[in-house]
>>> print(open('structure37.tsv').read())   # TSV, C-alpha atoms
chain	number	residue	atom	x	y	z
A	244	MET	CA	-29.18	54.39	8.03
A	245	ARG	CA	-32.11	52.05	7.52
A	246	GLU	CA	-34.26	52.38	4.45
A	247	PRO	CA	-37.56	54.23	4.98
A	248	ALA	CA	-40.35	51.85	5.95
A	249	PHE	CA	-42.29	52.48	2.74
A	250	LEU	CA	-39.39	51.14	0.65
A	251	VAL	CA	-39.59	47.73	2.34
A	252	GLU	CA	-42.02	45.00	1.33
A	253	PRO	CA	-45.01	45.07	1.44
A	254	ARG	CA	-45.12	48.90	1.50
A	255	ARG	CA	-43.20	49.04	-1.78
A	256	ARG	CA	-45.88	46.86	-3.36
A	257	GLN	CA	-48.59	49.24	-2.09
A	258	LEU	CA	-46.90	52.07	-3.97
A	259	LEU	CA	-46.76	50.03	-7.16
A	260	ASP	CA	-50.40	49.03	-6.67
A	261	PHE	CA	-51.19	52.75	-6.55
A	262	LEU	CA	-49.34	53.24	-9.84
A	263	MET	CA	-51.09	50.33	-11.53
A	264	ASN	CA	-54.50	51.41	-10.23
A	265	ALA	CA	-53.81	54.95	-11.45
A	266	CYS	CA	-53.15	53.50	-14.90
A	267	VAL	CA	-56.59	51.87	-14.85
A	268	TRP	CA	-58.37	54.97	-13.51
A	269	LEU	CA	-56.62	57.26	-16.00
A	270	GLY	CA	-57.00	54.82	-18.90
A	271	VAL	CA	-53.37	54.98	-20.01
A	272	ALA	CA	-51.92	52.87	-22.82
A	273	PRO	CA	-49.78	49.84	-21.84
A	274	ILE	CA	-46.57	51.48	-23.08
A	275	VAL	CA	-47.27	54.52	-20.86
A	276	LYS	CA	-47.84	52.23	-17.90
A	277	TYR	CA	-44.69	50.15	-18.33
A	278	THR	CA	-42.49	53.14	-19.10
A	279	ALA	CA	-43.77	54.80	-15.91
A	280	LEU	CA	-43.05	51.60	-13.97
A	281	SER	CA	-39.54	51.59	-15.42
A	282	PHE	CA	-39.00	55.21	-14.40
A	283	PHE	CA	-40.45	54.89	-10.90
A	284	ALA	CA	-39.76	51.31	-9.78
A	285	ASP	CA	-36.56	50.50	-11.64
A	286	ARG	CA	-34.82	53.88	-11.38
A	287	PHE	CA	-36.40	56.36	-8.96
A	288	LEU	CA	-37.06	54.10	-5.97
A	289	PRO	CA	-33.55	52.58	-5.91
A	290	CYS	CA	-32.10	56.11	-5.65
A	291	LEU	CA	-34.07	57.02	-2.53
A	292	PRO	CA	-31.74	55.47	0.10
A	293	ARG	CA	-28.88	57.54	-1.31
A	294	ILE	CA	-31.03	60.67	-1.40
A	295	SER	CA	-32.10	60.05	2.19
A	296	ARG	CA	-28.45	60.05	3.28
A	297	GLU	CA	-27.58	63.30	1.53
A	298	ASN	CA	-27.64	66.44	3.64
A	299	SER	CA	-27.20	69.02	0.90
A	300	ALA	CA	-29.84	70.61	-1.34
A	301	GLN	CA	-32.67	69.15	0.67
A	302	ASN	CA	-36.16	69.68	-0.73
A	303	TRP	CA	-39.38	69.38	1.25
A	304	LEU	CA	-40.72	66.84	-1.28
A	305	LEU	CA	-37.78	64.54	-0.51
A	306	HIS	CA	-37.09	65.30	3.16
A	307	PRO	CA	-38.87	63.72	4.88
A	308	LEU	CA	-40.21	61.21	2.38
A	309	THR	CA	-43.77	60.10	3.02
A	310	GLU	CA	-46.15	57.81	1.19
A	311	SER	CA	-48.19	60.73	-0.12
A	312	LYS	CA	-45.06	62.41	-1.49
A	313	LEU	CA	-44.06	59.21	-3.24
A	314	GLN	CA	-47.56	59.05	-4.70
A	315	ILE	CA	-47.09	62.44	-6.36
A	316	PHE	CA	-43.83	61.15	-7.86
A	317	ILE	CA	-45.79	58.17	-9.19
A	318	LEU	CA	-48.11	60.59	-10.97
A	319	ILE	CA	-45.08	62.46	-12.27
A	320	SER	CA	-43.69	59.23	-13.74
A	321	LEU	CA	-46.99	58.74	-15.56
A	322	TRP	CA	-47.00	62.36	-16.71
A	323	ILE	CA	-43.50	62.12	-18.21
A	324	SER	CA	-44.30	58.77	-19.81
A	325	SER	CA	-47.48	60.20	-21.33
A	326	LYS	CA	-45.50	63.11	-22.78
A	327	LEU	CA	-43.15	60.61	-24.43
A	328	HIS	CA	-45.77	58.31	-25.91
A	329	ASP	CA	-49.16	60.01	-26.23
A	330	THR	CA	-50.12	62.27	-29.11
A	331	TYR	CA	-52.20	64.21	-26.60
A	332	PRO	CA	-50.46	63.81	-23.22
A	333	MET	CA	-52.28	63.93	-19.91
A	334	SER	CA	-52.63	67.46	-18.61
A	335	SER	CA	-51.28	68.66	-15.28
A	336	LYS	CA	-54.86	69.62	-14.34
A	337	MET	CA	-56.00	66.03	-14.90
A	338	LEU	CA	-53.21	64.68	-12.69
A	339	LYS	CA	-53.86	67.27	-9.98
A	340	SER	CA	-57.56	66.40	-9.99
A	341	PHE	CA	-56.67	62.72	-9.69
A	342	GLY	CA	-54.24	63.48	-6.86
A	343	ASP	CA	-56.86	65.53	-5.00
A	344	ARG	CA	-59.19	62.51	-5.05
A	345	HIS	CA	-56.76	59.68	-4.36
A	346	ILE	CA	-53.80	61.05	-2.35
A	347	LYS	CA	-55.31	61.08	1.09
A	348	ASP	CA	-52.78	62.55	3.48
A	349	GLN	CA	-51.67	65.69	1.67
A	350	HIS	CA	-53.01	68.26	-0.77
A	351	PHE	CA	-50.64	69.21	-3.58
A	352	THR	CA	-50.88	72.42	-5.59
A	353	MET	CA	-50.18	72.80	-9.29
A	354	ARG	CA	-46.85	74.38	-8.37
A	355	ASP	CA	-46.01	71.27	-6.32
A	356	PHE	CA	-46.55	69.10	-9.40
A	357	VAL	CA	-44.19	71.25	-11.45
A	358	GLU	CA	-41.58	71.18	-8.66
A	359	ALA	CA	-41.96	67.41	-8.29
A	360	GLU	CA	-41.38	66.92	-12.01
A	361	ILE	CA	-38.12	68.88	-11.84
A	362	ILE	CA	-36.93	66.84	-8.85
A	363	PHE	CA	-37.92	63.57	-10.55
A	364	MET	CA	-35.96	64.53	-13.67
A	365	GLU	CA	-32.94	65.48	-11.56
A	366	VAL	CA	-32.97	62.13	-9.75
A	367	LEU	CA	-33.05	60.37	-13.14
A	368	ASN	CA	-30.26	62.66	-14.40
A	369	TYR	CA	-32.63	63.80	-17.14
A	370	GLU	CA	-32.27	60.40	-18.79
A	371	ILE	CA	-35.84	59.62	-19.79
A	372	GLY	CA	-35.33	57.49	-22.87
A	373	ALA	CA	-37.82	54.65	-23.22
A	374	SER	CA	-36.16	52.54	-25.91
A	375	ASN	CA	-35.08	49.87	-23.40
A	376	VAL	CA	-38.51	49.20	-21.87
A	377	THR	CA	-39.25	45.46	-21.75
A	378	PHE	CA	-42.78	45.98	-23.05
A	379	LEU	CA	-41.49	47.30	-26.39
A	380	PHE	CA	-39.31	44.23	-26.95
A	381	LEU	CA	-42.17	41.92	-25.92
A	382	GLU	CA	-44.61	43.60	-28.29
A	383	GLU	CA	-42.09	43.38	-31.13
A	384	LEU	CA	-41.38	39.68	-30.47
A	385	LEU	CA	-45.08	38.79	-30.35
A	386	ILE	CA	-45.72	40.57	-33.66
A	387	GLN	CA	-42.84	38.67	-35.25
A	388	PHE	CA	-44.00	35.36	-33.74
A	389	ARG	CA	-47.54	35.83	-35.07
A	390	ALA	CA	-46.11	36.62	-38.51
A	391	MET	CA	-44.05	33.41	-38.38
A	392	SER	CA	-46.71	31.00	-37.11
A	393	LYS	CA	-50.46	30.83	-36.54
A	394	ILE	CA	-49.64	29.44	-33.09
A	395	GLY	CA	-48.67	32.98	-32.14
A	396	GLU	CA	-52.34	33.97	-32.31
A	397	LEU	CA	-52.99	31.61	-29.38
A	398	VAL	CA	-50.53	33.42	-27.10
A	399	SER	CA	-52.48	35.76	-24.83
A	400	PHE	CA	-51.10	39.29	-24.86
A	401	HIS	CA	-53.14	40.03	-21.72
A	402	ALA	CA	-51.39	37.10	-20.02
A	403	CYS	CA	-48.04	38.61	-21.05
A	404	MET	CA	-48.99	41.89	-19.36
A	405	ASP	CA	-50.31	40.08	-16.27
A	406	ILE	CA	-46.93	38.35	-15.99
A	407	MET	CA	-45.15	41.70	-16.31
A	408	ASP	CA	-47.31	43.12	-13.51
A	409	LEU	CA	-46.67	40.11	-11.25
A	410	LEU	CA	-42.92	40.50	-11.62
A	411	TYR	CA	-43.19	43.84	-9.83
A	412	GLU	CA	-44.60	42.12	-6.71
A	413	THR	CA	-41.18	41.82	-5.11
A	414	GLU	CA	-37.93	43.72	-5.52
A	415	GLU	CA	-36.11	40.46	-6.28
A	416	ALA	CA	-38.43	39.59	-9.18
A	417	ALA	CA	-38.45	43.18	-10.42
A	418	SER	CA	-34.65	43.05	-10.69
A	419	LEU	CA	-35.18	40.85	-13.77
A	420	TYR	CA	-36.16	44.03	-15.62
A	421	GLY	CA	-32.46	44.79	-15.77
A	422	HIS	CA	-32.37	42.27	-18.65
A	423	SER	CA	-35.01	43.85	-20.87
A	424	ARG	CA	-34.60	41.95	-24.14
A	425	PRO	CA	-34.08	38.41	-22.75
A	426	LEU	CA	-36.80	39.04	-20.16
A	427	ALA	CA	-39.22	39.97	-22.94
A	428	ALA	CA	-38.35	36.69	-24.65
A	429	SER	CA	-38.86	34.75	-21.41
A	430	ILE	CA	-42.25	36.39	-20.79
A	431	LEU	CA	-43.35	35.40	-24.29
A	432	VAL	CA	-42.24	31.80	-23.69
A	433	THR	CA	-43.97	31.77	-20.30
A	434	SER	CA	-47.24	33.00	-21.80
A	435	TYR	CA	-46.88	30.39	-24.55
A	436	ILE	CA	-46.53	27.65	-21.93
A	437	LEU	CA	-49.47	28.88	-19.86
A	438	THR	CA	-51.98	29.89	-22.54
A	439	VAL	CA	-51.38	27.68	-25.59
A	440	PRO	CA	-52.98	24.20	-25.33
A	441	LYS	CA	-50.29	21.55	-24.74
A	442	GLN	CA	-51.29	19.60	-27.85
A	443	ARG	CA	-50.39	22.70	-29.90
A	444	TRP	CA	-46.83	22.99	-28.52
A	445	GLU	CA	-45.34	22.38	-31.94
A	446	PHE	CA	-43.37	25.57	-32.59
A	447	PRO	CA	-39.65	25.53	-31.55
A	448	LEU	CA	-40.07	28.73	-29.58
A	449	LEU	CA	-36.88	28.73	-27.50
A	450	PRO	CA	-34.55	28.36	-30.49
A	451	TRP	CA	-36.54	31.04	-32.31
A	452	VAL	CA	-36.42	33.61	-29.49
A	453	LYS	CA	-32.68	32.95	-29.20
A	454	PHE	CA	-32.40	34.18	-32.77
A	455	ALA	CA	-35.02	36.96	-32.48
A	456	ALA	CA	-33.80	38.33	-29.14
A	457	SER	CA	-30.09	37.77	-29.89
A	458	HIS	CA	-29.54	36.01	-26.56
A	459	GLU	CA	-28.40	32.56	-25.57
A	460	GLU	CA	-31.17	29.99	-25.36
A	461	GLU	CA	-29.91	28.86	-21.95
A	462	HIS	CA	-30.17	32.40	-20.55
A	463	VAL	CA	-33.74	32.76	-21.77
A	464	GLU	CA	-34.64	29.35	-20.32
A	465	GLN	CA	-33.16	30.31	-16.95
A	466	LEU	CA	-35.28	33.47	-16.94
A	467	VAL	CA	-38.37	31.46	-17.92
A	468	ARG	CA	-37.83	29.21	-14.90
A	469	LYS	CA	-37.44	32.24	-12.61
A	470	VAL	CA	-40.61	33.81	-13.99
A	471	LEU	CA	-42.56	30.56	-13.63
A	472	GLU	CA	-41.25	30.09	-10.10
A	473	HIS	CA	-42.41	33.57	-9.14
A	474	ILE	CA	-45.89	33.42	-10.65
A	475	LEU	CA	-46.71	29.75	-9.95
A	476	VAL	CA	-45.10	28.75	-6.66
A	477	PRO	CA	-47.38	30.91	-4.47
A	478	THR	CA	-50.39	29.57	-6.38
A	479	THR	CA	-49.42	25.93	-5.96
A	480	THR	CA	-49.50	26.35	-2.20
A	481	SER	CA	-53.04	27.74	-2.22
A	482	THR	CA	-55.44	27.21	-5.10
A	483	MET	CA	-53.72	24.72	-7.41
A	484	SER	CA	-55.05	21.18	-7.24
A	485	PRO	CA	-52.83	18.51	-5.63
A	486	GLY	CA	-52.29	16.90	-9.04
A	487	TYR	CA	-50.97	20.06	-10.65
A	488	VAL	CA	-47.66	19.61	-12.49
A	489	GLU	CA	-45.56	22.66	-13.36
A	490	PRO	CA	-45.19	23.12	-17.14
A	491	SER	CA	-41.75	22.25	-18.48
A	492	CYS	CA	-39.79	24.64	-20.67
A	493	GLN	CA	-38.32	21.64	-22.49
A	494	VAL	CA	-41.44	21.13	-24.61
A	495	THR	CA	-40.64	24.26	-26.60
A	496	LYS	CA	-37.42	22.69	-27.84
A	497	ASP	CA	-39.12	19.78	-29.59
>>> encode(input="structure37.tsv", output="structure tokens")
Amino acid sequence: MREPAFLVEPRRRQLLDFLMNACVWLGVAPIVKYTALSFFADRFLPCLPRISRENSAQNWLLHPLTESKLQIFILISLWISSKLHDTYPMSSKMLKSFGDRHIKDQHFTMRDFVEAEIIFMEVLNYEIGASNVTFLFLEELLIQFRAMSKIGELVSFHACMDIMDLLYETEEAASLYGHSRPLAASILVTSYILTVPKQRWEFPLLPWVKFAASHEEEHVEQLVRKVLEHILVPTTTSTMSPGYVEPSCQVTKD
């Protein structure tokens, strides 16, 4: 059986754009956003082909799957994430009001939201821990880096989050999130390369993140190259000047 059309690029990206736009409209904290992305993109979406093949215990929210139904599951991922991280979580009424305004093809009742949350939890096997979210490791590494060196203050945290968002553009790039701790280290190094002036590249960042992230330096460097390839190669074919030279990871070893 072929995967549903909305699970194939670029429809998958449209769903994630909806999630990221919802985060802006609802004003959620970064940790809520990236935990929701982990729940929905890294865990829920990959289960859908299997669910589509199952003939037992069918639920109208899963059979047939439509874009609007997936959008309610996106809101559910944000709701669960907010319950985990926010002192005052988003209310179901707030999410329903948002859904009424932005989910175009179907109207969902409050009961539908409750039912969708149960289904979402079942698909995730009720495993909703957020201790392995890449954002948490990245935030921790940046705090440590800034405590170690003033150069850390030059690393743009917003650039780090932009890089995290861009990695969700394709399923292939998003698969890097399966390596949370080394990926966090590679995102920090990438932001260092892109946002710190070259004449200030004096901190031995790769050896340090090897120690801080407890991963081999070569593994982190390989991930850095993959991240740079994803976020820079499309740009070099369009808006980058002809004289543009891709930054080298090697400078961080000096």
>>> closest_atom_pairs(input="structure37.tsv", of="segment 366-418 of chain A", to="segment 255-258 of chain A", cutoff="10 Å", atoms="only C-alpha atoms", output="CSV")
residue,atom,partner,partner_atom,distance
A:Tyr411,CA,A:Arg256,CA,7.6
A:Glu412,CA,A:Arg256,CA,5.9
A:Thr413,CA,A:Arg256,CA,7.1
A:Glu414,CA,A:Arg255,CA,8.4
>>> residues_around(input="structure37.tsv", residues="Cys266 of chain A", least_positions_apart="6", cutoff="9 Å", atoms="only C-alpha atoms", output="CSV table (one decimal) with C-alpha atoms, in the frame of the given file")
chain,number,residue,atom,x,y,z
A,272,ALA,CA,-51.9,52.9,-22.8
A,273,PRO,CA,-49.8,49.8,-21.8
A,275,VAL,CA,-47.3,54.5,-20.9
A,276,LYS,CA,-47.8,52.2,-17.9
A,321,LEU,CA,-47.0,58.7,-15.6
>>> closest_atom_pairs(input="structure37.tsv", of="segment 325-433 of chain A", to="segment 298-314 of chain A", cutoff="10 Å", atoms="all atoms listed in the file", output="tab-separated table")
residue	atom	partner	partner_atom	distance
A:Gly342	CA	A:Gln314	CA	8.3
A:His345	CA	A:Gln314	CA	9.2
A:Ile346	CA	A:Ser311	CA	6.0
A:Lys347	CA	A:Ser311	CA	7.2
A:Asp348	CA	A:Ser311	CA	6.1
A:Gln349	CA	A:Ser311	CA	6.3
A:His350	CA	A:Ser311	CA	9.0
A:Phe351	CA	A:Lys312	CA	9.0
A:Asp355	CA	A:Leu304	CA	8.5
A:Glu358	CA	A:Leu304	CA	8.6
A:Ala359	CA	A:Leu304	CA	7.1
A:Ile362	CA	A:Leu304	CA	8.5
>>> closest_residue(input="structure37.tsv", among="A:Leu384, A:Leu448, A:Ala455, A:Ile474", to="Ala427 of chain A", atoms="all atoms listed in the file")
A:Leu384
>>> closest_residue(input="structure37.tsv", among="A:Leu367, A:Val267, A:Ile315, A:Leu431", to="Val398 of chain A", atoms="all atoms listed in the file")
A:Leu431
>>> closest_residue(input="structure37.tsv", among="A:Phe316, A:Arg286, A:Val271, A:Met391", to="Tyr331 of chain A", atoms="only C-alpha atoms")
A:Val271
>>> closest_residue(input="structure37.tsv", among="A:Thr377, A:Ile361, A:Tyr435, A:Leu262", to="Glu396 of chain A", atoms="all atoms listed in the file")
A:Tyr435
>>> atom_distance(input="structure37.tsv", atom1="atom CA of Arg354 of chain A", atom2="atom CA of Arg254 of chain A")
27.4 Å
>>> atom_distance(input="structure37.tsv", atom1="atom CA of Arg424 of chain A", atom2="atom CA of Met364 of chain A")
24.9 Å
>>> residues_around(input="structure37.tsv", residues="Leu397 of chain A", least_positions_apart="2", cutoff="9 Å", atoms="all atoms listed in the file", output="list of chain:residue names")
A:Arg389, A:Lys393, A:Ile394, A:Gly395, A:Ser399, A:Tyr435, A:Thr438, A:Val439, A:Pro440
>>> closest_residue(input="structure37.tsv", among="A:Ile430, A:Ala284, A:Pro425, A:Ile436", to="Val463 of chain A", atoms="all atoms listed in the file")
A:Pro425
>>> atom_distance(input="structure37.tsv", atom1="atom CA of Ile371 of chain A", atom2="atom CA of Asp285 of chain A")
12.3 Å
>>> closest_residue(input="structure37.tsv", among="A:Phe283, A:Ile274, A:Glu460, A:Lys339", to="Leu381 of chain A", atoms="only C-alpha atoms")
A:Ile274
>>> residues_around(input="structure37.tsv", residues="Ala428 of chain A", least_positions_apart="6", cutoff="12 Å", atoms="all atoms listed in the file", output="ChimeraX atom specification")
/A:377-385,387-388,403,407,420,422,434-435,448-467,470
>>> residues_around(input="structure37.tsv", residues="Glu360 of chain A", least_positions_apart="6", cutoff="9 Å", atoms="only C-alpha atoms", output="NGL selection string")
:A and (316 or 319-320 or 322-323)
>>> axis_aligned_box(input="structure37.tsv", around="segment 315-319 of chain A", padding_each_side="3 Å", output="AutoDock Vina command-line options")
--center_x -46.0 --center_y 60.3 --center_z -9.3 --size_x 10.3 --size_y 10.3 --size_z 11.9
>>> build_atoms(input="structure37.tsv", residues="segment 427-438 of chain A", atoms="all heavy atoms", output="PDB file, in the coordinates of the input")
ATOM      1  N   ALA A 427     -38.082  39.940 -22.023  1.00  0.00           N
ATOM      2  CA  ALA A 427     -39.220  39.970 -22.940  1.00  0.00           C
ATOM      3  C   ALA A 427     -39.402  38.612 -23.609  1.00  0.00           C
ATOM      4  O   ALA A 427     -40.529  38.104 -23.726  1.00  0.00           O
ATOM      5  CB  ALA A 427     -39.024  41.074 -23.983  1.00  0.00           C
ATOM      6  N   ALA A 428     -38.288  38.009 -24.032  1.00  0.00           N
ATOM      7  CA  ALA A 428     -38.350  36.690 -24.650  1.00  0.00           C
ATOM      8  C   ALA A 428     -38.878  35.650 -23.665  1.00  0.00           C
ATOM      9  O   ALA A 428     -39.704  34.793 -24.019  1.00  0.00           O
ATOM     10  CB  ALA A 428     -36.970  36.289 -25.167  1.00  0.00           C
ATOM     11  N   SER A 429     -38.430  35.735 -22.416  1.00  0.00           N
ATOM     12  CA  SER A 429     -38.860  34.750 -21.410  1.00  0.00           C
ATOM     13  C   SER A 429     -40.336  34.926 -21.063  1.00  0.00           C
ATOM     14  O   SER A 429     -41.036  33.948 -20.800  1.00  0.00           O
ATOM     15  CB  SER A 429     -38.002  34.869 -20.157  1.00  0.00           C
ATOM     16  OG  SER A 429     -38.294  36.045 -19.431  1.00  0.00           O
ATOM     17  N   ILE A 430     -40.832  36.157 -21.061  1.00  0.00           N
ATOM     18  CA  ILE A 430     -42.250  36.390 -20.790  1.00  0.00           C
ATOM     19  C   ILE A 430     -43.098  35.815 -21.924  1.00  0.00           C
ATOM     20  O   ILE A 430     -44.153  35.209 -21.689  1.00  0.00           O
ATOM     21  CB  ILE A 430     -42.527  37.894 -20.600  1.00  0.00           C
ATOM     22  CG1 ILE A 430     -41.895  38.383 -19.298  1.00  0.00           C
ATOM     23  CG2 ILE A 430     -44.029  38.182 -20.597  1.00  0.00           C
ATOM     24  CD1 ILE A 430     -41.921  39.891 -19.125  1.00  0.00           C
ATOM     25  N   LEU A 431     -42.636  35.982 -23.155  1.00  0.00           N
ATOM     26  CA  LEU A 431     -43.350  35.400 -24.290  1.00  0.00           C
ATOM     27  C   LEU A 431     -43.403  33.881 -24.177  1.00  0.00           C
ATOM     28  O   LEU A 431     -44.461  33.270 -24.370  1.00  0.00           O
ATOM     29  CB  LEU A 431     -42.669  35.823 -25.603  1.00  0.00           C
ATOM     30  CG  LEU A 431     -43.248  35.222 -26.885  1.00  0.00           C
ATOM     31  CD1 LEU A 431     -44.710  35.632 -27.066  1.00  0.00           C
ATOM     32  CD2 LEU A 431     -42.419  35.644 -28.098  1.00  0.00           C
ATOM     33  N   VAL A 432     -42.269  33.266 -23.849  1.00  0.00           N
ATOM     34  CA  VAL A 432     -42.240  31.800 -23.690  1.00  0.00           C
ATOM     35  C   VAL A 432     -43.148  31.373 -22.546  1.00  0.00           C
ATOM     36  O   VAL A 432     -43.887  30.381 -22.661  1.00  0.00           O
ATOM     37  CB  VAL A 432     -40.797  31.323 -23.451  1.00  0.00           C
ATOM     38  CG1 VAL A 432     -40.779  29.826 -23.132  1.00  0.00           C
ATOM     39  CG2 VAL A 432     -39.918  31.614 -24.666  1.00  0.00           C
ATOM     40  N   THR A 433     -43.126  32.109 -21.450  1.00  0.00           N
ATOM     41  CA  THR A 433     -43.970  31.770 -20.300  1.00  0.00           C
ATOM     42  C   THR A 433     -45.444  31.833 -20.671  1.00  0.00           C
ATOM     43  O   THR A 433     -46.233  30.943 -20.326  1.00  0.00           O
ATOM     44  CB  THR A 433     -43.684  32.717 -19.124  1.00  0.00           C
ATOM     45  OG1 THR A 433     -42.305  32.636 -18.776  1.00  0.00           O
ATOM     46  CG2 THR A 433     -44.532  32.347 -17.917  1.00  0.00           C
ATOM     47  N   SER A 434     -45.840  32.878 -21.376  1.00  0.00           N
ATOM     48  CA  SER A 434     -47.240  33.000 -21.800  1.00  0.00           C
ATOM     49  C   SER A 434     -47.602  31.883 -22.766  1.00  0.00           C
ATOM     50  O   SER A 434     -48.721  31.358 -22.733  1.00  0.00           O
ATOM     51  CB  SER A 434     -47.476  34.372 -22.441  1.00  0.00           C
ATOM     52  OG  SER A 434     -48.831  34.547 -22.765  1.00  0.00           O
ATOM     53  N   TYR A 435     -46.673  31.515 -23.626  1.00  0.00           N
ATOM     54  CA  TYR A 435     -46.880  30.390 -24.550  1.00  0.00           C
ATOM     55  C   TYR A 435     -47.172  29.115 -23.761  1.00  0.00           C
ATOM     56  O   TYR A 435     -48.116  28.366 -24.060  1.00  0.00           O
ATOM     57  CB  TYR A 435     -45.625  30.232 -25.401  1.00  0.00           C
ATOM     58  CG  TYR A 435     -45.604  29.064 -26.364  1.00  0.00           C
ATOM     59  CD1 TYR A 435     -46.065  29.190 -27.667  1.00  0.00           C
ATOM     60  CD2 TYR A 435     -45.060  27.833 -25.978  1.00  0.00           C
ATOM     61  CE1 TYR A 435     -46.010  28.125 -28.561  1.00  0.00           C
ATOM     62  CE2 TYR A 435     -44.996  26.770 -26.857  1.00  0.00           C
ATOM     63  CZ  TYR A 435     -45.479  26.919 -28.153  1.00  0.00           C
ATOM     64  OH  TYR A 435     -45.421  25.863 -29.021  1.00  0.00           O
ATOM     65  N   ILE A 436     -46.363  28.852 -22.740  1.00  0.00           N
ATOM     66  CA  ILE A 436     -46.530  27.650 -21.930  1.00  0.00           C
ATOM     67  C   ILE A 436     -47.878  27.644 -21.210  1.00  0.00           C
ATOM     68  O   ILE A 436     -48.553  26.615 -21.118  1.00  0.00           O
ATOM     69  CB  ILE A 436     -45.385  27.526 -20.902  1.00  0.00           C
ATOM     70  CG1 ILE A 436     -44.061  27.241 -21.619  1.00  0.00           C
ATOM     71  CG2 ILE A 436     -45.673  26.431 -19.882  1.00  0.00           C
ATOM     72  CD1 ILE A 436     -42.852  27.324 -20.714  1.00  0.00           C
ATOM     73  N   LEU A 437     -48.280  28.807 -20.709  1.00  0.00           N
ATOM     74  CA  LEU A 437     -49.470  28.880 -19.860  1.00  0.00           C
ATOM     75  C   LEU A 437     -50.771  29.038 -20.634  1.00  0.00           C
ATOM     76  O   LEU A 437     -51.835  28.693 -20.108  1.00  0.00           O
ATOM     77  CB  LEU A 437     -49.328  30.043 -18.874  1.00  0.00           C
ATOM     78  CG  LEU A 437     -48.183  29.948 -17.855  1.00  0.00           C
ATOM     79  CD1 LEU A 437     -48.151  31.183 -16.970  1.00  0.00           C
ATOM     80  CD2 LEU A 437     -48.314  28.692 -16.999  1.00  0.00           C
ATOM     81  N   THR A 438     -50.721  29.570 -21.848  1.00  0.00           N
ATOM     82  CA  THR A 438     -51.980  29.890 -22.540  1.00  0.00           C
ATOM     83  C   THR A 438     -52.215  29.094 -23.822  1.00  0.00           C
ATOM     84  O   THR A 438     -53.358  29.029 -24.286  1.00  0.00           O
ATOM     85  CB  THR A 438     -52.054  31.398 -22.882  1.00  0.00           C
ATOM     86  OG1 THR A 438     -51.005  31.748 -23.809  1.00  0.00           O
ATOM     87  CG2 THR A 438     -51.918  32.250 -21.642  1.00  0.00           C
TER      88      THR A 438
END
